[in-house]
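Chemist: Next up, coords38.txt (compact mmCIF, C-alpha atoms).
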```
# COMPACT_ATOMS: atom_id res chain seq x y z
CA MET A 1 142.95 183.84 45.40
CA LYS A 2 145.80 185.53 47.33
CA VAL A 3 147.67 182.91 49.31
CA LEU A 4 150.51 183.46 51.77
CA ILE A 5 152.93 180.71 52.73
CA ILE A 6 154.05 181.17 56.35
CA VAL A 7 157.44 179.67 57.12
CA PRO A 8 158.23 179.55 60.86
CA ALA A 9 161.96 179.04 61.37
CA TYR A 10 164.19 178.57 64.37
CA ASN A 11 167.86 177.89 63.62
CA GLU A 12 167.24 176.73 60.05
CA GLU A 13 170.00 178.57 58.19
CA LYS A 14 170.92 175.37 56.33
CA ASN A 15 167.39 174.26 55.43
CA LEU A 16 165.88 177.60 54.33
CA PRO A 17 168.10 178.21 51.26
CA VAL A 18 166.87 174.84 49.92
CA LEU A 19 163.22 175.32 50.88
CA ILE A 20 162.52 178.90 49.78
CA PRO A 21 163.48 178.48 46.07
CA LYS A 22 161.14 175.47 45.95
CA ILE A 23 158.28 177.69 47.20
CA THR A 24 159.04 180.58 44.83
CA ALA A 25 159.43 178.14 41.92
CA GLU A 26 155.73 177.32 42.36
CA GLY A 27 154.94 181.04 42.32
CA TRP A 28 153.69 181.53 45.88
CA ASP A 29 154.02 184.58 48.14
CA TYR A 30 155.80 183.64 51.34
CA ILE A 31 157.16 185.10 54.55
CA VAL A 32 159.82 183.54 56.75
CA ILE A 33 159.37 184.34 60.44
CA ASN A 34 162.73 183.97 62.12
CA ASP A 35 161.97 183.14 65.74
CA GLY A 36 165.04 184.77 67.32
CA SER A 37 167.39 182.13 65.91
CA THR A 38 170.79 181.81 67.56
CA ASP A 39 172.53 180.70 64.35
CA ASN A 40 173.18 183.02 61.39
CA SER A 41 169.63 182.80 60.00
CA ALA A 42 169.10 186.58 60.22
CA GLU A 43 172.22 187.44 58.18
CA MET A 44 171.51 184.66 55.69
CA LEU A 45 167.91 185.84 55.16
CA ARG A 46 169.07 189.41 54.56
CA GLU A 47 171.92 188.42 52.23
CA LYS A 48 169.75 186.15 50.09
CA GLY A 49 166.99 188.75 50.01
CA PHE A 50 164.32 186.35 51.27
CA ASN A 51 161.09 188.00 52.41
CA HIS A 52 161.26 187.71 56.18
CA MET A 53 160.65 189.11 59.67
CA ASP A 54 163.14 188.75 62.52
CA LEU A 55 161.64 188.44 65.99
CA ALA A 56 163.68 190.22 68.65
CA VAL A 57 162.79 187.61 71.27
CA ASN A 58 162.24 183.86 70.85
CA ALA A 59 158.47 183.31 70.98
CA GLY A 60 157.94 179.60 70.31
CA LEU A 61 156.31 177.83 67.37
CA ALA A 62 152.69 178.47 68.37
CA ALA A 63 153.26 182.22 68.82
CA VAL A 64 155.21 182.43 65.56
CA THR A 65 152.44 180.78 63.55
CA LYS A 66 149.93 183.11 65.16
CA MET A 67 152.04 186.10 64.08
CA GLY A 68 152.05 184.63 60.57
CA PHE A 69 148.24 184.46 60.58
CA MET A 70 148.04 188.04 61.88
CA TYR A 71 150.39 189.19 59.12
CA ALA A 72 148.40 187.38 56.44
CA HIS A 73 145.15 188.80 57.77
CA ASP A 74 146.52 192.36 57.98
CA HIS A 75 147.85 192.19 54.44
CA GLY A 76 144.57 191.10 52.91
CA TYR A 77 145.38 187.50 52.03
CA ASP A 78 142.45 185.16 51.36
CA ALA A 79 144.25 182.10 52.65
CA ALA A 80 147.40 181.16 54.53
CA LEU A 81 149.38 177.98 54.63
CA VAL A 82 152.03 176.87 57.11
CA VAL A 83 155.18 175.19 55.79
CA ASP A 84 157.79 174.38 58.45
CA GLY A 85 161.23 175.91 57.98
CA ASP A 86 162.91 172.56 58.57
CA GLY A 87 161.94 171.39 55.09
CA GLN A 88 159.81 168.42 56.12
CA HIS A 89 156.77 169.78 54.26
CA PRO A 90 157.43 169.49 50.51
CA PRO A 91 156.15 172.64 48.72
CA VAL A 92 154.83 170.52 45.83
CA TYR A 93 151.75 169.77 47.95
CA ILE A 94 150.89 173.44 48.54
CA LYS A 95 148.70 173.57 45.44
CA ASP A 96 146.69 170.53 46.58
CA LEU A 97 145.89 172.18 49.91
CA VAL A 98 145.06 175.49 48.23
CA LYS A 99 142.74 173.67 45.83
CA LYS A 100 140.74 172.36 48.79
CA ILE A 101 140.52 175.89 50.23
CA GLU A 102 139.26 177.10 46.84
CA GLU A 103 136.61 174.36 46.99
CA GLY A 104 135.35 176.12 50.13
CA TYR A 105 136.95 174.25 53.02
CA ASP A 106 137.94 176.42 56.00
CA TYR A 107 140.79 174.28 57.33
CA VAL A 108 142.83 171.77 55.33
CA VAL A 109 145.52 169.54 56.82
CA GLY A 110 148.27 167.80 54.89
CA SER A 111 148.07 164.30 56.39
CA ARG A 112 150.71 161.59 56.23
CA PHE A 113 148.26 158.79 56.88
CA ILE A 114 145.35 158.94 54.43
CA ASP A 115 146.73 156.36 52.00
CA ARG A 116 149.66 155.19 54.13
CA LYS A 117 149.56 153.14 57.31
CA LYS A 118 150.59 154.80 60.56
CA PRO A 119 153.79 153.18 61.86
CA MET A 120 154.13 151.83 65.42
CA SER A 121 156.79 154.21 66.76
CA MET A 122 156.62 155.96 70.16
CA ARG A 123 155.66 159.19 68.44
CA MET A 124 152.83 157.54 66.53
CA ILE A 125 151.47 155.92 69.69
CA GLY A 126 151.24 159.49 70.97
CA SER A 127 149.49 160.45 67.75
CA ARG A 128 146.95 157.65 68.27
CA LEU A 129 146.25 158.84 71.81
CA ILE A 130 145.63 162.35 70.49
CA CYS A 131 143.29 160.97 67.77
CA TRP A 132 141.34 159.18 70.46
CA ALA A 133 141.04 162.34 72.58
CA ILE A 134 139.86 164.32 69.55
CA ARG A 135 137.24 161.66 68.74
CA LEU A 136 136.07 161.72 72.37
CA LYS A 137 135.74 165.51 72.33
CA THR A 138 134.37 166.17 68.85
CA GLY A 139 133.11 162.82 67.56
CA LYS A 140 135.22 163.31 64.43
CA THR A 141 138.03 161.09 63.15
CA VAL A 142 141.30 162.76 62.24
CA LYS A 143 144.11 160.79 60.62
CA ASP A 144 147.13 163.01 61.34
CA PRO A 145 146.41 165.50 64.14
CA THR A 146 150.02 166.58 64.67
CA SER A 147 150.71 167.60 61.08
CA GLY A 148 151.95 171.17 60.97
CA MET A 149 151.24 171.58 57.27
CA ARG A 150 147.82 173.17 57.11
CA ALA A 151 145.92 175.76 55.12
CA LEU A 152 143.40 178.27 56.48
CA GLY A 153 140.65 179.95 54.53
CA ARG A 154 139.46 183.51 55.09
CA LYS A 155 137.13 182.78 58.03
CA THR A 156 139.54 180.61 60.00
CA LEU A 157 142.39 182.99 59.21
CA GLN A 158 140.54 185.88 60.80
CA ASP A 159 139.46 183.78 63.79
CA PHE A 160 143.02 182.50 64.39
CA ALA A 161 144.54 185.95 63.96
CA GLU A 162 142.20 187.29 66.64
CA ASN A 163 141.61 184.59 69.25
CA MET A 164 144.15 181.87 69.00
CA ASN A 165 145.01 180.20 72.32
CA PHE A 166 146.54 176.82 71.48
CA ILE A 167 149.84 175.20 72.18
CA ALA A 168 150.03 173.20 68.95
CA GLU A 169 148.23 171.69 65.97
CA PRO A 170 145.98 169.10 67.69
CA ASP A 171 144.19 171.54 69.99
CA ALA A 172 143.87 174.03 67.13
CA LEU A 173 142.16 171.23 65.22
CA VAL A 174 139.73 170.63 68.10
CA TYR A 175 138.91 174.36 68.13
CA VAL A 176 138.23 174.24 64.39
CA LEU A 177 136.00 171.17 64.70
CA ARG A 178 134.07 172.51 67.73
CA ARG A 179 133.38 175.80 65.93
CA GLY A 180 131.84 173.88 63.05
CA TYR A 181 134.33 175.00 60.40
CA SER A 182 134.59 172.66 57.42
CA PHE A 183 137.68 170.52 57.59
CA SER A 184 139.47 168.25 55.17
CA GLU A 185 142.63 166.13 55.17
CA ILE A 186 144.64 165.26 52.09
CA GLN A 187 147.56 162.91 51.62
CA VAL A 188 151.05 164.42 51.63
CA ASP A 189 154.38 162.63 52.01
CA MET A 190 156.72 164.37 54.39
CA GLU A 191 160.47 164.32 54.50
CA GLU A 192 162.76 163.68 57.42
CA ARG A 193 164.62 166.80 58.44
CA THR A 194 168.12 166.89 56.98
CA GLU A 195 169.78 169.54 59.17
CA GLY A 196 169.32 170.90 62.69
CA VAL A 197 167.29 169.57 65.61
CA SER A 198 163.56 169.10 66.08
CA TYR A 199 161.54 170.73 68.87
CA PHE A 200 160.98 167.21 70.26
CA HIS A 201 164.27 165.57 71.01
CA SER A 202 163.95 164.72 74.70
CA PRO A 203 161.54 162.15 76.18
CA LEU A 204 160.69 164.48 79.09
CA LYS A 205 159.68 167.28 76.71
CA SER A 206 157.60 164.84 74.66
CA ALA A 207 155.80 163.55 77.78
CA ARG A 208 155.07 167.11 78.90
CA TYR A 209 153.81 167.96 75.41
CA MET A 210 151.49 164.94 75.41
CA TYR A 211 150.07 165.78 78.84
CA THR A 212 149.52 169.46 78.03
CA ILE A 213 147.99 168.76 74.64
CA LEU A 214 145.57 166.14 76.04
CA MET A 215 144.50 168.47 78.86
CA SER A 216 144.05 171.31 76.37
CA ILE A 217 141.94 169.11 74.07
CA LEU A 218 139.78 167.70 76.86
CA PHE A 219 139.31 170.76 79.08
CA LEU A 220 140.26 174.00 77.38
CA GLN A 221 138.95 173.95 73.80
CA TRP A 222 135.21 174.56 73.47
CA MET B 1 142.57 154.08 109.28
CA VAL B 2 141.32 157.61 109.88
CA TYR B 3 137.63 158.25 110.47
CA ILE B 4 136.11 161.10 108.44
CA PRO B 5 132.56 162.27 109.27
CA THR B 6 130.13 162.23 106.36
CA ALA B 7 129.43 165.99 106.53
CA LEU B 8 133.14 166.79 106.38
CA ARG B 9 133.61 164.38 103.49
CA ALA B 10 130.74 165.99 101.57
CA ALA B 11 132.18 169.46 102.24
CA LEU B 12 135.61 168.34 101.01
CA ILE B 13 134.21 166.89 97.79
CA CYS B 14 131.97 169.91 97.08
CA GLY B 15 134.75 172.37 97.86
CA SER B 16 137.36 170.68 95.70
CA LEU B 17 134.90 170.16 92.85
CA LEU B 18 134.02 173.87 92.95
CA VAL B 19 137.71 174.77 92.79
CA LEU B 20 138.19 172.58 89.70
CA VAL B 21 135.10 173.93 87.92
CA PHE B 22 136.01 177.52 88.79
CA ILE B 23 139.58 177.14 87.49
CA VAL B 24 138.55 175.41 84.24
CA TYR B 25 135.76 177.92 83.62
CA SER B 26 137.72 181.07 84.34
CA SER B 27 140.83 179.89 82.47
CA ILE B 28 138.70 179.41 79.36
CA LYS B 29 136.85 182.67 79.86
CA ALA B 30 140.00 184.75 80.34
CA SER B 31 141.73 182.66 77.66
CA MET B 32 144.60 182.03 80.03
CA ASP B 33 147.70 180.72 78.31
CA VAL B 34 147.17 176.96 77.84
CA HIS B 35 150.43 176.02 79.57
CA TYR B 36 149.49 177.88 82.77
CA ALA B 37 145.87 176.78 82.63
CA VAL B 38 146.99 173.13 82.45
CA LEU B 39 149.26 173.64 85.46
CA TRP B 40 146.39 175.05 87.52
CA ILE B 41 143.90 172.42 86.37
CA THR B 42 146.39 169.77 87.45
CA MET B 43 146.62 171.38 90.90
CA ALA B 44 142.84 171.56 91.17
CA ALA B 45 142.60 167.90 90.10
CA ILE B 46 145.01 166.89 92.87
CA ILE B 47 142.90 168.81 95.40
CA LEU B 48 139.81 167.04 94.06
CA LEU B 49 141.58 163.69 94.41
CA ILE B 50 142.33 164.44 98.06
CA GLY B 51 138.74 165.62 98.57
CA LEU B 52 137.31 162.43 97.06
CA TRP B 53 139.75 160.18 98.80
CA PRO B 54 141.18 161.69 101.99
CA GLU B 55 142.45 158.25 103.02
CA LEU B 56 145.10 158.65 100.33
CA ALA B 57 146.55 161.70 102.09
CA ALA B 58 146.25 159.86 105.42
CA ALA B 59 148.07 156.81 104.03
CA ILE B 60 150.94 158.93 102.67
CA ALA B 61 151.14 160.87 105.96
CA ASN B 62 151.31 157.60 107.91
CA LEU B 63 153.87 156.16 105.57
CA ILE B 64 156.22 159.13 105.97
CA GLY B 65 155.56 159.26 109.71
CA PHE B 66 153.51 162.42 110.27
CA GLN B 67 151.70 162.60 113.63
CA SER B 68 148.64 164.18 112.07
CA VAL B 69 147.28 164.17 108.54
CA SER B 70 146.53 167.89 108.56
CA ASN B 71 150.18 168.65 109.25
CA PHE B 72 151.14 166.68 106.16
CA VAL B 73 148.50 168.38 103.98
CA PHE B 74 149.57 171.83 105.18
CA LEU B 75 153.24 171.12 104.57
CA ALA B 76 152.58 169.64 101.12
CA MET B 77 150.41 172.58 100.08
CA THR B 78 152.94 175.08 101.39
CA ALA B 79 155.71 173.34 99.47
CA VAL B 80 153.68 173.39 96.25
CA LEU B 81 152.79 177.07 96.67
CA PHE B 82 156.42 177.87 97.47
CA LEU B 83 157.55 176.21 94.24
CA LEU B 84 154.80 177.84 92.19
CA SER B 85 155.75 181.24 93.50
CA TYR B 86 159.40 180.57 92.70
CA TYR B 87 158.37 179.56 89.19
CA SER B 88 156.42 182.82 88.75
CA PHE B 89 159.47 184.84 89.83
CA LEU B 90 161.53 182.93 87.30
CA LYS B 91 159.00 183.73 84.57
CA ILE B 92 158.83 187.38 85.61
CA SER B 93 162.56 187.85 85.38
CA ARG B 94 162.59 186.16 81.96
CA MET B 95 159.83 188.48 80.81
CA ASN B 96 161.69 191.50 82.15
CA GLU B 97 164.69 190.47 80.10
CA ASP B 98 162.47 190.03 77.01
CA ILE B 99 160.93 193.47 77.58
CA ARG B 100 164.39 195.03 77.83
CA LYS B 101 165.33 193.45 74.51
CA LEU B 102 162.10 194.60 72.86
CA ASN B 103 162.46 198.06 74.33
CA TYR B 104 165.94 198.33 72.87
CA LYS B 105 164.75 197.00 69.52
CA VAL B 106 161.88 199.51 69.28
CA ALA B 107 164.15 202.39 70.30
CA SER B 108 166.85 201.48 67.80
CA LEU B 109 164.30 201.04 65.00
CA GLN B 110 162.83 204.46 65.85
CA LYS B 111 166.32 205.97 65.74
CA GLU B 112 167.07 204.37 62.38
CA LEU B 113 163.78 205.75 61.06
CA ASP B 114 164.49 209.25 62.39
CA ASP B 115 168.03 209.22 60.97
CA ALA B 116 166.72 208.10 57.59
CA LYS B 117 164.12 210.91 57.65
CA LYS B 118 166.78 213.47 58.52
CA ARG B 119 169.00 212.29 55.68
CA SER B 120 166.19 212.53 53.15
CA GLU B 121 165.23 216.09 54.22
```
Starting from the file, give its structure as structure tokens.

Modeler:
Amino acid sequence: MKVLIIVPAYNEEKNLPVLIPKITAEGWDYIVINDGSTDNSAEMLREKGFNHMDLAVNAGLAAVTKMGFMYAHDHGYDAALVVDGDGQHPPVYIKDLVKKIEEGYDYVVGSRFIDRKKPMSMRMIGSRLICWAIRLKTGKTVKDPTSGMRALGRKTLQDFAENMNFIAEPDALVYVLRRGYSFSEIQVDMEERTEGVSYFHSPLKSARYMYTILMSILFLQW
Amino acid sequence: MVYIPTALRAALICGSLLVLVFIVYSSIKASMDVHYAVLWITMAAIILLIGLWPELAAAIANLIGFQSVSNFVFLAMTAVLFLLSYYSFLKISRMNEDIRKLNYKVASLQKELDDAKKRSE
């Protein structure tokens, strides 16, 4: 099975040189999509000879992942897997997700909370709210709806490359569940980011994200 | 408290409900960008809220000191539309800038390609 690892990256010049060798050490094909970074990511990627694409204009995480799916689909890959450029998704788990895809699942999520308990932080209260909205909409229970580490099989890859209109992982998940694709979650342990800043560092942005994602789940994904 | 005739109340509720349904339906159908769709659904939901509960608008109008509720509703709607239109202009100018960048990028890639072809000939 031909698998492509998609690595979306925005200002990750310090994290990528650590992450990419870990991915190649496991023998996977990968592509870094540099989302118009303002640091020296572009030069670094060229110098180190990492397989990458530089976007001329910053497009945002959702658009970048979609481009990754389009690329994988165009280049005849059977499956694609997203690993964030910030290094929080350890590449050692890639093979576990791919194994599930090989078993025939269409969409596999690397979940932090299968064997571990979900902590009581602000962010995880948000995660609980999203879980509740997903259960309300689809009747299915999801443990870690905001996990960005996910693998797509051939069918979902094509669908996402053609019609994706989501803002993030949770509403993508609702789309997958509503379309009747087979879905599985497996335990992964994620790492805290070591360098750079996350997309969610201000409370206002987080509140806006929560509102938009809940509206998208409840009204826009059918 | 303001008195609202039953027929008017029914018309308000039906009208605002139709707006909400129309916006949700057509946003999905045209696969409108989720961020914009959510903005418009929120607007439609506020209109529905006023339709279901016109006393709310009346109470706010009274509180601020408007002589008539309709004046308040008109002013509020105008303000919202004004802001939305400003926001669209903001987005348009951002997009124009992005298009300029992309245009330049495509042109310079084409030039690089042409130059490389020339060299190899």

Chemist: Extract, using only C-alpha atoms, all DNA, RNA and protein residues at most 12 Å from Pro8 in chain A, discarding same-chain residues fewer than 4 positions from it, and format them as a PDB file with C-alpha atoms, in the frame of the given file.

Modeler:
```
ATOM      1  CA  GLU A  12     167.240 176.730  60.050  1.00  0.00           C
ATOM      2  CA  ASN A  15     167.390 174.260  55.430  1.00  0.00           C
ATOM      3  CA  LEU A  16     165.880 177.600  54.330  1.00  0.00           C
ATOM      4  CA  LEU A  19     163.220 175.320  50.880  1.00  0.00           C
ATOM      5  CA  ILE A  20     162.520 178.900  49.780  1.00  0.00           C
ATOM      6  CA  TYR A  30     155.800 183.640  51.340  1.00  0.00           C
ATOM      7  CA  ILE A  31     157.160 185.100  54.550  1.00  0.00           C
ATOM      8  CA  VAL A  32     159.820 183.540  56.750  1.00  0.00           C
ATOM      9  CA  ILE A  33     159.370 184.340  60.440  1.00  0.00           C
ATOM     10  CA  ASN A  34     162.730 183.970  62.120  1.00  0.00           C
ATOM     11  CA  ASP A  35     161.970 183.140  65.740  1.00  0.00           C
ATOM     12  CA  GLY A  36     165.040 184.770  67.320  1.00  0.00           C
ATOM     13  CA  SER A  37     167.390 182.130  65.910  1.00  0.00           C
ATOM     14  CA  SER A  41     169.630 182.800  60.000  1.00  0.00           C
ATOM     15  CA  HIS A  52     161.260 187.710  56.180  1.00  0.00           C
ATOM     16  CA  MET A  53     160.650 189.110  59.670  1.00  0.00           C
ATOM     17  CA  ASP A  54     163.140 188.750  62.520  1.00  0.00           C
ATOM     18  CA  LEU A  55     161.640 188.440  65.990  1.00  0.00           C
ATOM     19  CA  ASN A  58     162.240 183.860  70.850  1.00  0.00           C
ATOM     20  CA  ALA A  59     158.470 183.310  70.980  1.00  0.00           C
ATOM     21  CA  GLY A  60     157.940 179.600  70.310  1.00  0.00           C
ATOM     22  CA  LEU A  61     156.310 177.830  67.370  1.00  0.00           C
ATOM     23  CA  ALA A  62     152.690 178.470  68.370  1.00  0.00           C
ATOM     24  CA  ALA A  63     153.260 182.220  68.820  1.00  0.00           C
ATOM     25  CA  VAL A  64     155.210 182.430  65.560  1.00  0.00           C
ATOM     26  CA  THR A  65     152.440 180.780  63.550  1.00  0.00           C
ATOM     27  CA  LYS A  66     149.930 183.110  65.160  1.00  0.00           C
ATOM     28  CA  MET A  67     152.040 186.100  64.080  1.00  0.00           C
ATOM     29  CA  GLY A  68     152.050 184.630  60.570  1.00  0.00           C
ATOM     30  CA  PHE A  69     148.240 184.460  60.580  1.00  0.00           C
ATOM     31  CA  LEU A  81     149.380 177.980  54.630  1.00  0.00           C
ATOM     32  CA  VAL A  82     152.030 176.870  57.110  1.00  0.00           C
ATOM     33  CA  VAL A  83     155.180 175.190  55.790  1.00  0.00           C
ATOM     34  CA  ASP A  84     157.790 174.380  58.450  1.00  0.00           C
ATOM     35  CA  GLY A  85     161.230 175.910  57.980  1.00  0.00           C
ATOM     36  CA  ASP A  86     162.910 172.560  58.570  1.00  0.00           C
ATOM     37  CA  GLY A  87     161.940 171.390  55.090  1.00  0.00           C
ATOM     38  CA  HIS A  89     156.770 169.780  54.260  1.00  0.00           C
ATOM     39  CA  GLY A 148     151.950 171.170  60.970  1.00  0.00           C
ATOM     40  CA  MET A 149     151.240 171.580  57.270  1.00  0.00           C
TER      41      MET A 149
END
```

Chemist: Using Å and a single decimal, report how far CA of Glu162 in chain A sits from CA of Glu97 in chain B.

Modeler: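 The value is 26.4 Å.
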
Chemist: Got a sec: who's within 7 Å of range 128-144 of chain A, counting all atoms listed in the file, leaving out chain neighbours fewer than 4 positions off, as a CSV table (one decimal) with C-alpha atoms, in the frame of the given file?

Modeler:
```
chain,number,residue,atom,x,y,z
A,111,SER,CA,148.1,164.3,56.4
A,112,ARG,CA,150.7,161.6,56.2
A,113,PHE,CA,148.3,158.8,56.9
A,114,ILE,CA,145.4,158.9,54.4
A,124,MET,CA,152.8,157.5,66.5
A,174,VAL,CA,139.7,170.6,68.1
A,177,LEU,CA,136.0,171.2,64.7
A,178,ARG,CA,134.1,172.5,67.7
A,214,LEU,CA,145.6,166.1,76.0
A,217,ILE,CA,141.9,169.1,74.1
A,218,LEU,CA,139.8,167.7,76.9
```

Chemist: Excluding range 101-103 of chain B and residues on its chain fewer than 6 positions from it, collect all residues at most 10 Å away from it, counting all atoms listed in the file, and give them as JSON, numbers by chain.

Modeler: {"A": [55, 56, 57], "B": [95, 109]}

Chemist: Separation of CA of Ser147 in chain A and CA of Pro170 in chain A, in Å?

Modeler: 8.3 Å

Chemist: Using only C-alpha atoms, select each residue of chain B with any atom at most 8 Å away from an atom of chain A, and give the selection as a ChimeraX atom specification.

Modeler: /B:24,27-28,31-35,38,98,101-102,105

Chemist: Give me a file of those residues, with C-alpha atoms, as a PDB file, in the coordinates of the input.

Modeler:
```pdb
ATOM      1  CA  VAL B  24     138.550 175.410  84.240  1.00  0.00           C
ATOM      2  CA  SER B  27     140.830 179.890  82.470  1.00  0.00           C
ATOM      3  CA  ILE B  28     138.700 179.410  79.360  1.00  0.00           C
ATOM      4  CA  SER B  31     141.730 182.660  77.660  1.00  0.00           C
ATOM      5  CA  MET B  32     144.600 182.030  80.030  1.00  0.00           C
ATOM      6  CA  ASP B  33     147.700 180.720  78.310  1.00  0.00           C
ATOM      7  CA  VAL B  34     147.170 176.960  77.840  1.00  0.00           C
ATOM      8  CA  HIS B  35     150.430 176.020  79.570  1.00  0.00           C
ATOM      9  CA  VAL B  38     146.990 173.130  82.450  1.00  0.00           C
ATOM     10  CA  ASP B  98     162.470 190.030  77.010  1.00  0.00           C
ATOM     11  CA  LYS B 101     165.330 193.450  74.510  1.00  0.00           C
ATOM     12  CA  LEU B 102     162.100 194.600  72.860  1.00  0.00           C
ATOM     13  CA  LYS B 105     164.750 197.000  69.520  1.00  0.00           C
TER      14      LYS B 105
END
```

Chemist: Measuring atom to atom with all atoms listed in the file, identify which of A:Glu185, A:Asp74, A:Glu192, A:Glu26 is nearest to Leu157 in chain A.

Modeler: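 Nearest to Leu157 in chain A: A:Asp74.
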
Chemist: Rounded to one decimal place, report the CA of Ile60 in chain B-CA of Val73 in chain B distance in Å.

Modeler: 9.8 Å

Chemist: Mind checking which residues fall within 9 Å of Ile47 in chain B, counting only C-alpha atoms, ignoring those fewer than 3 positions away in the same chain, and posting them as a PDB file with C-alpha atoms, keeping the file's coordinate frame?

Modeler:
```pdb
ATOM      1  CA  SER B  16     137.360 170.680  95.700  1.00  0.00           C
ATOM      2  CA  LEU B  17     134.900 170.160  92.850  1.00  0.00           C
ATOM      3  CA  VAL B  19     137.710 174.770  92.790  1.00  0.00           C
ATOM      4  CA  LEU B  20     138.190 172.580  89.700  1.00  0.00           C
ATOM      5  CA  THR B  42     146.390 169.770  87.450  1.00  0.00           C
ATOM      6  CA  MET B  43     146.620 171.380  90.900  1.00  0.00           C
ATOM      7  CA  ALA B  44     142.840 171.560  91.170  1.00  0.00           C
ATOM      8  CA  ILE B  50     142.330 164.440  98.060  1.00  0.00           C
ATOM      9  CA  GLY B  51     138.740 165.620  98.570  1.00  0.00           C
ATOM     10  CA  LEU B  52     137.310 162.430  97.060  1.00  0.00           C
TER      11      LEU B  52
END
```

Chemist: In terms of the shortest atom-to-atom distance over all atoms listed in the file, which of A:Gly153, A:Glu169, A:Ser182, A:Tyr105 is closest to Ser127 in chain A?

Modeler: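 Of A:Gly153, A:Glu169, A:Ser182, A:Tyr105, the one nearest Ser127 in chain A, counting all atoms listed in the file, is A:Glu169.
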